[in-house]
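Beneath this line is the structure, given in structure tokens, with notes to follow.
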Amino acid sequence: MLNHKYRHLKSSFFTIFTVFILFSYAFTAKAETLTPPQTQTKPLKVCVVLSGGGARGFAHIGVLKQLESMRIPIDCIAGTSMGAVVGGLYASGLSASEIEQKLQSLKLNDIALDRVERRSLPQSVREDDDLYPLGATLGLSENGVRLPSGVVQASQFQELIQNWTAHLPPDISFDQLPIPFRAVATDLETGEMVVFNKGSLHKAIRASMAAPGVFAPTEIDGRLLSDGGLVRNLPVDIARSMGADVIIAVNIGTPLLPRDKLQTLFNVSQQMVNILTEQNVQAQKSLLQPQDILIEPNLGNIGFMDFGRSEEASMIGEKATETMRGQLMALSLPAPVFASAQHMRTHPQLPPIKISFVDIENNSEIPSSDIRRQLGIQTGSVYNADEINRKLATLNAVREFDSITHELVQRESDYGIRIDARGRNWGPHFLRFGLNLSSGFDGAGGFRLQVGHRRPWLNESGLEWRTDAVFGNETRLHTELRQPLFEREGMFMSPYIEYNNTTANLYQDNIRVADFDLRSEKAGADLAFRLGNQGRLGEARIGLNYNQYIIHPKIGGYIPGPGGALTNVNVKSGTLQQVGIKTAFVIDQLSDPSFPRDGYKVAGDVFFGINRSDHNYQEMSFTSEWAKSFDNHSVNLKFSSGGLFQSSTGLQGVGSSLGGFQRLSAYQQDQFRGNYMLYGSATYLLRAVNFEMAGQSLFLGSSFEAGNTWDIGKDISAASLKKSLSLFAGFNSFMGPIYLGFAVGQDGAKSVFFQMGRQ
């Protein structure tokens, strides 16, 4: 009985206990549903990591635009190379749209590759570029032959970044930027990673983007720095060290090239860099955690150097970010909160400051006093980065520096300017090269190798020694000194000597009937005047000149005479000496010397003989050219004339000549010779293909030409002009302009021509 009661009591207790437990659980669950969820006291810190990849890095702009539209907060940025460029500008306070608008107004290929508009160059530099298009300038010293440290100094790009970040203090902690920022570079001596967290923002960006073999390395605090992609192209660990809870990593690295593309030294070298870069990218991607987000835009065939495709790359970046919307929106802030956060971004802003001092750090041969004079930065003036960089760009265009830059620095309570002038320390002698090849319809051709030597700054006033040599069908040597008289960029004295020896042909009715040697020896001294600032308009000269011409026959021939008899054609030997005053000028404002799309050029010279034997001797010439473009269509007009007046009997071959490509193209090289010359042409050019990255184009053209030479002035007439019509294709290569075409003229004259280099 008791046992039965005990069992009943035990069963009742168990039932009550079970009901109590179930009731308690239900009550607790209901209570939990009534209790508001606890809000997170510390928001997640979101860091953006932007990789390197050259021009492909413009995709970062599209990514940032999309993150803004999704209201994703960005609490810190770490970037390498182009990622450092875009990330640094964004961190400085510019929005993604502002960066994009600034870039769209620029010729990015020209800026990235330091290409300067031809009309902004001094006349002496223009002439060197026209004569010697082959490759980089070689330096020659007692240590042998050297090349510059990089293909491009990136001076224009650095000036641009400096202008856009001029609102920042000169030595700022990058944690004090509107968005904390880090840039990664590589120490070329030690191979160590260098992470910038303070200092000059634009210099940190410049160091991070110095791609090996493309952009020259830069020196900061005694360290020679290059592209950070060599050690950390996707700096995930750097962002993590900045306290990131969530990382949005954007990888736009250049993909490896397939075998069929590895046929050039440049591509093989680039492949080696890409392999090293890809290895450290994979290592960094392995550090990403489940909450992190990786964006990899498919940039297709946009290459490392395709700076002209910035808008296309940005759009691809936008689309790639949009595909990640599902993951990204988990980080989105409510519109009012995001707007408030954006508005409260601190913009370090320098007030207008006065320049208290100008310091010059100079390792070049150019005196610091001369640099100071040319820049003309006045103490007490208000600092303007853009104005100072415009003055520095003028000095950079003269090509006497590897680079010349400026920094705003603070010394106690004063601000000032520090100029950093880096000389061309791979000299002091500099060599340039050119090549000229031509081939005509009848198998006749020409070959010339051109070598130019420059030795600047032989003294503190800027004395320069210039020598130009030609070998091949023509042998020529011209050497001169240029001694500035007052200011270095002003007038100068130029004594010179010249020797020239060439084989010339004598033609009769389109038939070559004789050859002769034409040798000239010249000496003189000119007073030269640079026209325009630094000679950017042109140059004028006046001086005393001595000329000697020597004619020596080589091969004579026979041509049919009256009644079918053969007439001997020969060239008389002779010597002509001249002493006189020569004046000359050139104003060159063409956009390009070979395929001008706009601009003009005029040049002329006059020689007044003063020696007794030929006291009436005079020689003069004049040339002009004008170009205008309409979209891809261009018109080019040329006119030239020459006259030789002398009281004594002239020598065969001394005077003006016509014949050859763009000088009556249907006829042979220098087929027409005489004391007087007239020539005119009208050329139409169609820009068929525009190679934006290289800054060049493929042209299809057609020219109509008319001209002739005469020995006697009374023979000059419009009826005696020779005509030529030509069709050709041409483009500017790294070896100079190349043309291929054919031309037809009068009396069965015709020519199929190949021309490389300027005639």
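Identifiers in the structure tokens: chain A, B, ... in order shown; residue index from 1 per chain; ligand index from 1 in order shown.
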- prompt: Contacts of Ile275 of chain A at 10 Å or less, counting only C-alpha atoms, minus same-chain residues fewer than 2 places along, as a ChimeraX atom specification?
  reply: /A:230,254-257,270-273,277-281
Since we have the selection now, will you write its residues out, keeping N, CA and C atoms, as a CSV table (one decimal), in the first residue's frame?
chain,number,residue,atom,x,y,z
A,230,LEU,N,56.3,44.5,-56.3
A,230,LEU,CA,57.3,43.4,-56.2
A,230,LEU,C,57.3,42.6,-54.9
A,254,THR,N,47.9,42.3,-63.6
A,254,THR,CA,48.1,41.9,-65.0
A,254,THR,C,48.2,40.4,-65.1
A,255,PRO,N,47.4,39.7,-65.9
A,255,PRO,CA,47.5,38.3,-66.0
A,255,PRO,C,48.7,37.9,-66.8
A,256,LEU,N,49.2,36.6,-66.6
A,256,LEU,CA,50.4,36.1,-67.2
A,256,LEU,C,50.1,36.0,-68.7
A,257,LEU,N,51.1,36.3,-69.5
A,257,LEU,CA,51.0,36.2,-71.0
A,257,LEU,C,51.1,34.8,-71.5
A,270,GLN,N,58.6,41.6,-68.6
A,270,GLN,CA,57.3,41.9,-67.9
A,270,GLN,C,56.7,40.6,-67.4
A,271,GLN,N,56.9,39.5,-68.1
A,271,GLN,CA,56.4,38.2,-67.6
A,271,GLN,C,57.1,37.8,-66.3
A,272,MET,N,58.4,38.1,-66.2
A,272,MET,CA,59.1,37.7,-65.0
A,272,MET,C,58.6,38.5,-63.8
A,273,VAL,N,58.3,39.8,-64.0
A,273,VAL,CA,57.8,40.7,-62.9
A,273,VAL,C,56.4,40.2,-62.6
A,277,THR,N,55.0,39.0,-58.9
A,277,THR,CA,53.9,39.7,-58.4
A,277,THR,C,52.7,38.8,-58.1
A,278,GLU,N,52.4,37.8,-59.0
A,278,GLU,CA,51.3,36.9,-58.8
A,278,GLU,C,51.6,36.0,-57.6
A,279,GLN,N,52.8,35.7,-57.3
A,279,GLN,CA,53.1,34.8,-56.2
A,279,GLN,C,52.7,35.5,-54.9
A,280,ASN,N,53.1,36.8,-54.7
A,280,ASN,CA,52.8,37.5,-53.5
A,280,ASN,C,51.3,37.8,-53.4
A,281,VAL,N,50.6,38.0,-54.6
A,281,VAL,CA,49.2,38.2,-54.6
A,281,VAL,C,48.5,36.9,-54.0
Who sits within 12 Å of Asp631 of chain A, only C-alpha atoms, same chain under 2 positions skipped, as a VMD selection string: chain A and resid 597 to 598 628 to 629 633 to 635 685 to 688 690
message: List as number ranges by chain the protein and nucleic acid residues near segment 188-194 of chain A, meaning an atom at most 9 Å away when only C-alpha atoms are counted, but skip any in the same chain fewer than 2 places from it.
response: A: 183-186, 196, 217, 223-226, 228, 230-232
Grab the residues selected above and save them as a short mmCIF file (atom, residue, chain, number, x, y, z; two decimals), in the first residue's frame with N, CA, C and O atoms.
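again.cif, freshly written:
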data_model
loop_
_atom_site.label_atom_id
_atom_site.label_comp_id
_atom_site.auth_asym_id
_atom_site.auth_seq_id
_atom_site.Cartn_x
_atom_site.Cartn_y
_atom_site.Cartn_z
N ALA A 183 50.65 53.34 -48.21
CA ALA A 183 51.16 53.03 -49.56
C ALA A 183 52.38 52.14 -49.41
O ALA A 183 53.18 52.29 -48.47
N VAL A 184 52.53 51.20 -50.34
CA VAL A 184 53.59 50.20 -50.26
C VAL A 184 54.57 50.40 -51.40
O VAL A 184 54.18 50.56 -52.56
N ALA A 185 55.87 50.40 -51.08
CA ALA A 185 56.94 50.47 -52.08
C ALA A 185 57.96 49.39 -51.76
O ALA A 185 57.88 48.69 -50.74
N THR A 186 58.97 49.28 -52.65
CA THR A 186 60.03 48.28 -52.48
C THR A 186 61.38 48.97 -52.46
O THR A 186 61.66 49.82 -53.32
N PHE A 196 54.52 53.37 -46.26
CA PHE A 196 54.44 54.79 -45.93
C PHE A 196 53.22 55.05 -45.07
O PHE A 196 52.10 54.74 -45.46
N PRO A 217 63.03 54.58 -60.66
CA PRO A 217 62.88 54.56 -59.21
C PRO A 217 63.08 55.95 -58.63
O PRO A 217 63.63 56.85 -59.29
N ARG A 223 66.67 56.08 -49.39
CA ARG A 223 66.35 54.74 -49.90
C ARG A 223 65.89 54.85 -51.34
O ARG A 223 65.07 55.72 -51.69
N LEU A 224 66.40 53.98 -52.21
CA LEU A 224 66.01 53.95 -53.60
C LEU A 224 64.80 53.03 -53.73
O LEU A 224 64.90 51.82 -53.52
N LEU A 225 63.67 53.60 -54.10
CA LEU A 225 62.40 52.90 -54.01
C LEU A 225 61.78 52.66 -55.38
O LEU A 225 61.88 53.49 -56.29
N SER A 226 61.12 51.51 -55.48
CA SER A 226 60.45 51.12 -56.72
C SER A 226 59.07 50.57 -56.38
O SER A 226 58.63 50.59 -55.23
N GLY A 228 55.79 48.89 -55.33
CA GLY A 228 55.49 48.02 -54.21
C GLY A 228 54.95 46.67 -54.62
O GLY A 228 54.91 45.72 -53.81
N LEU A 230 56.31 44.46 -56.27
CA LEU A 230 57.34 43.43 -56.20
C LEU A 230 57.27 42.64 -54.90
O LEU A 230 57.66 41.47 -54.85
N VAL A 231 56.78 43.29 -53.83
CA VAL A 231 56.75 42.62 -52.53
C VAL A 231 55.33 42.44 -51.99
O VAL A 231 55.07 41.52 -51.23
N ARG A 232 54.42 43.34 -52.36
CA ARG A 232 53.06 43.26 -51.80
C ARG A 232 52.08 43.96 -52.74
O ARG A 232 51.69 45.09 -52.51
#
query: Counting only C-alpha atoms, what is within 10 Å of segment 453-466 of chain A, bar same-chain residues fewer than 2 positions away, as a PyMOL selection string?
result: chain A and resi 137-140+364-367+370+400+427-433+451+468-469+478-489+492-494+496
For Ala216 of chain A, the nearest of the candidates A:Leu108, A:Ile238, A:Leu147, A:Ile172, counting only C-alpha atoms: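 Between A:Leu108, A:Ile238, A:Leu147, A:Ile172, the residue approaching Ala216 of chain A most closely is A:Leu147.
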task: Just the residues within 10 Å of Leu64 of chain A, please, counting only C-alpha atoms, with nothing from its chain fewer than 5 positions along; format it as a VMD selection string.
output: chain A and resid 48 59 69 to 70 72 74 86 to 87 90 95 to 97 314 317 to 318 321
Just to be explicit: take each residue in the selection above, keep N, CA and C atoms, and write the result as an mmCIF file, in the first residue's frame.
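So the final result, stored in out_0.cif, reads:
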data_model
loop_
_atom_site.group_PDB
_atom_site.id
_atom_site.type_symbol
_atom_site.label_atom_id
_atom_site.label_comp_id
_atom_site.auth_asym_id
_atom_site.auth_seq_id
_atom_site.Cartn_x
_atom_site.Cartn_y
_atom_site.Cartn_z
ATOM 1 N N VAL A 48 39.614 49.017 -47.335
ATOM 2 C CA VAL A 48 39.692 48.701 -48.755
ATOM 3 C C VAL A 48 41.148 48.504 -49.131
ATOM 4 N N ALA A 59 40.189 50.729 -62.829
ATOM 5 C CA ALA A 59 38.997 49.996 -62.376
ATOM 6 C C ALA A 59 38.687 50.318 -60.919
ATOM 7 N N SER A 69 27.801 54.451 -53.825
ATOM 8 C CA SER A 69 26.364 54.354 -54.120
ATOM 9 C C SER A 69 25.670 53.340 -53.216
ATOM 10 N N MET A 70 26.412 52.308 -52.758
ATOM 11 C CA MET A 70 25.847 51.313 -51.839
ATOM 12 C C MET A 70 25.939 51.757 -50.379
ATOM 13 N N ILE A 72 28.630 52.084 -48.494
ATOM 14 C CA ILE A 72 29.561 51.248 -47.738
ATOM 15 C C ILE A 72 30.590 52.162 -47.076
ATOM 16 N N ILE A 74 34.060 53.378 -45.579
ATOM 17 C CA ILE A 74 35.475 53.027 -45.772
ATOM 18 C C ILE A 74 36.260 53.703 -44.659
ATOM 19 N N VAL A 86 45.081 55.811 -56.857
ATOM 20 C CA VAL A 86 43.645 56.025 -56.677
ATOM 21 C C VAL A 86 43.292 56.081 -55.193
ATOM 22 N N GLY A 87 43.846 55.141 -54.413
ATOM 23 C CA GLY A 87 43.536 55.109 -52.984
ATOM 24 C C GLY A 87 44.032 56.337 -52.257
ATOM 25 N N TYR A 90 41.778 59.305 -53.072
ATOM 26 C CA TYR A 90 40.501 59.151 -52.379
ATOM 27 C C TYR A 90 40.657 59.429 -50.883
ATOM 28 N N SER A 95 36.389 62.654 -53.920
ATOM 29 C CA SER A 95 35.445 61.563 -54.145
ATOM 30 C C SER A 95 35.849 60.815 -55.402
ATOM 31 N N ALA A 96 35.264 59.635 -55.591
ATOM 32 C CA ALA A 96 35.575 58.844 -56.783
ATOM 33 C C ALA A 96 35.183 59.599 -58.049
ATOM 34 N N SER A 97 34.044 60.288 -58.018
ATOM 35 C CA SER A 97 33.603 61.046 -59.195
ATOM 36 C C SER A 97 34.544 62.206 -59.483
ATOM 37 N N SER A 314 37.194 51.867 -65.618
ATOM 38 C CA SER A 314 36.336 52.290 -64.504
ATOM 39 C C SER A 314 34.961 51.637 -64.596
ATOM 40 N N GLY A 317 35.109 48.110 -63.479
ATOM 41 C CA GLY A 317 35.177 48.060 -62.026
ATOM 42 C C GLY A 317 33.813 48.223 -61.387
ATOM 43 N N GLU A 318 32.993 49.113 -61.954
ATOM 44 C CA GLU A 318 31.634 49.300 -61.434
ATOM 45 C C GLU A 318 30.819 48.008 -61.567
ATOM 46 N N THR A 321 31.805 45.265 -59.117
ATOM 47 C CA THR A 321 31.342 45.549 -57.752
ATOM 48 C C THR A 321 29.853 45.282 -57.625
#
query: Taking into account only C-alpha atoms, which residue in the set A:Val49, A:Ile542, A:Ile716, A:Met735 is nearest to Leu449 of chain A?
result: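 Of A:Val49, A:Ile542, A:Ile716, A:Met735, the one nearest Leu449 of chain A is A:Met735, counting only C-alpha atoms.
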- request: Report as number ranges by chain: the residues of segment 335-513 of chain A with a DSSP assignment of strand (DSSP E), based on the backbone of this structure.
  value: A: 355-362, 401-411, 414-423, 429-439, 445-455, 464-472, 474-484, 492-508, 511-513
Within 7 Å of His552 of chain A using only C-alpha atoms, minus same-chain residues under 4 positions, as a ChimeraX atom specification: /A:516-518,573
Could you take the residues named above and write them with all heavy atoms, as a JSON list (two decimals), in the first residue's frame?
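Okay, this is what ended up in part15.json:
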[["chain", "number", "residue", "atom", "x", "y", "z"],
["A", 516, "PHE", "N", 79.24, 62.05, -109.74],
["A", 516, "PHE", "CA", 80.35, 62.92, -109.35],
["A", 516, "PHE", "C", 80.37, 63.06, -107.83],
["A", 516, "PHE", "O", 79.35, 62.92, -107.16],
["A", 516, "PHE", "CB", 80.26, 64.28, -110.02],
["A", 516, "PHE", "CG", 78.99, 65.05, -109.72],
["A", 516, "PHE", "CD1", 78.94, 65.96, -108.68],
["A", 516, "PHE", "CD2", 77.85, 64.86, -110.49],
["A", 516, "PHE", "CE1", 77.78, 66.67, -108.42],
["A", 516, "PHE", "CE2", 76.68, 65.56, -110.24],
["A", 516, "PHE", "CZ", 76.64, 66.48, -109.20],
["A", 517, "ASP", "N", 81.55, 63.32, -107.30],
["A", 517, "ASP", "CA", 81.72, 63.60, -105.88],
["A", 517, "ASP", "C", 81.51, 65.09, -105.64],
["A", 517, "ASP", "O", 82.10, 65.93, -106.34],
["A", 517, "ASP", "CB", 83.13, 63.22, -105.41],
["A", 517, "ASP", "CG", 83.24, 61.74, -105.09],
["A", 517, "ASP", "OD1", 82.20, 61.13, -104.78],
["A", 517, "ASP", "OD2", 84.36, 61.19, -105.16],
["A", 518, "LEU", "N", 80.71, 65.40, -104.64],
["A", 518, "LEU", "CA", 80.49, 66.78, -104.23],
["A", 518, "LEU", "C", 80.95, 66.91, -102.78],
["A", 518, "LEU", "O", 80.37, 66.29, -101.89],
["A", 518, "LEU", "CB", 79.02, 67.16, -104.37],
["A", 518, "LEU", "CG", 78.63, 68.54, -103.82],
["A", 518, "LEU", "CD1", 79.39, 69.65, -104.53],
["A", 518, "LEU", "CD2", 77.12, 68.76, -103.96],
["A", 573, "SER", "N", 85.59, 69.19, -113.28],
["A", 573, "SER", "CA", 86.12, 69.41, -111.94],
["A", 573, "SER", "C", 86.14, 70.91, -111.67],
["A", 573, "SER", "O", 86.15, 71.74, -112.59],
["A", 573, "SER", "CB", 87.54, 68.85, -111.82],
["A", 573, "SER", "OG", 87.54, 67.47, -112.03]]
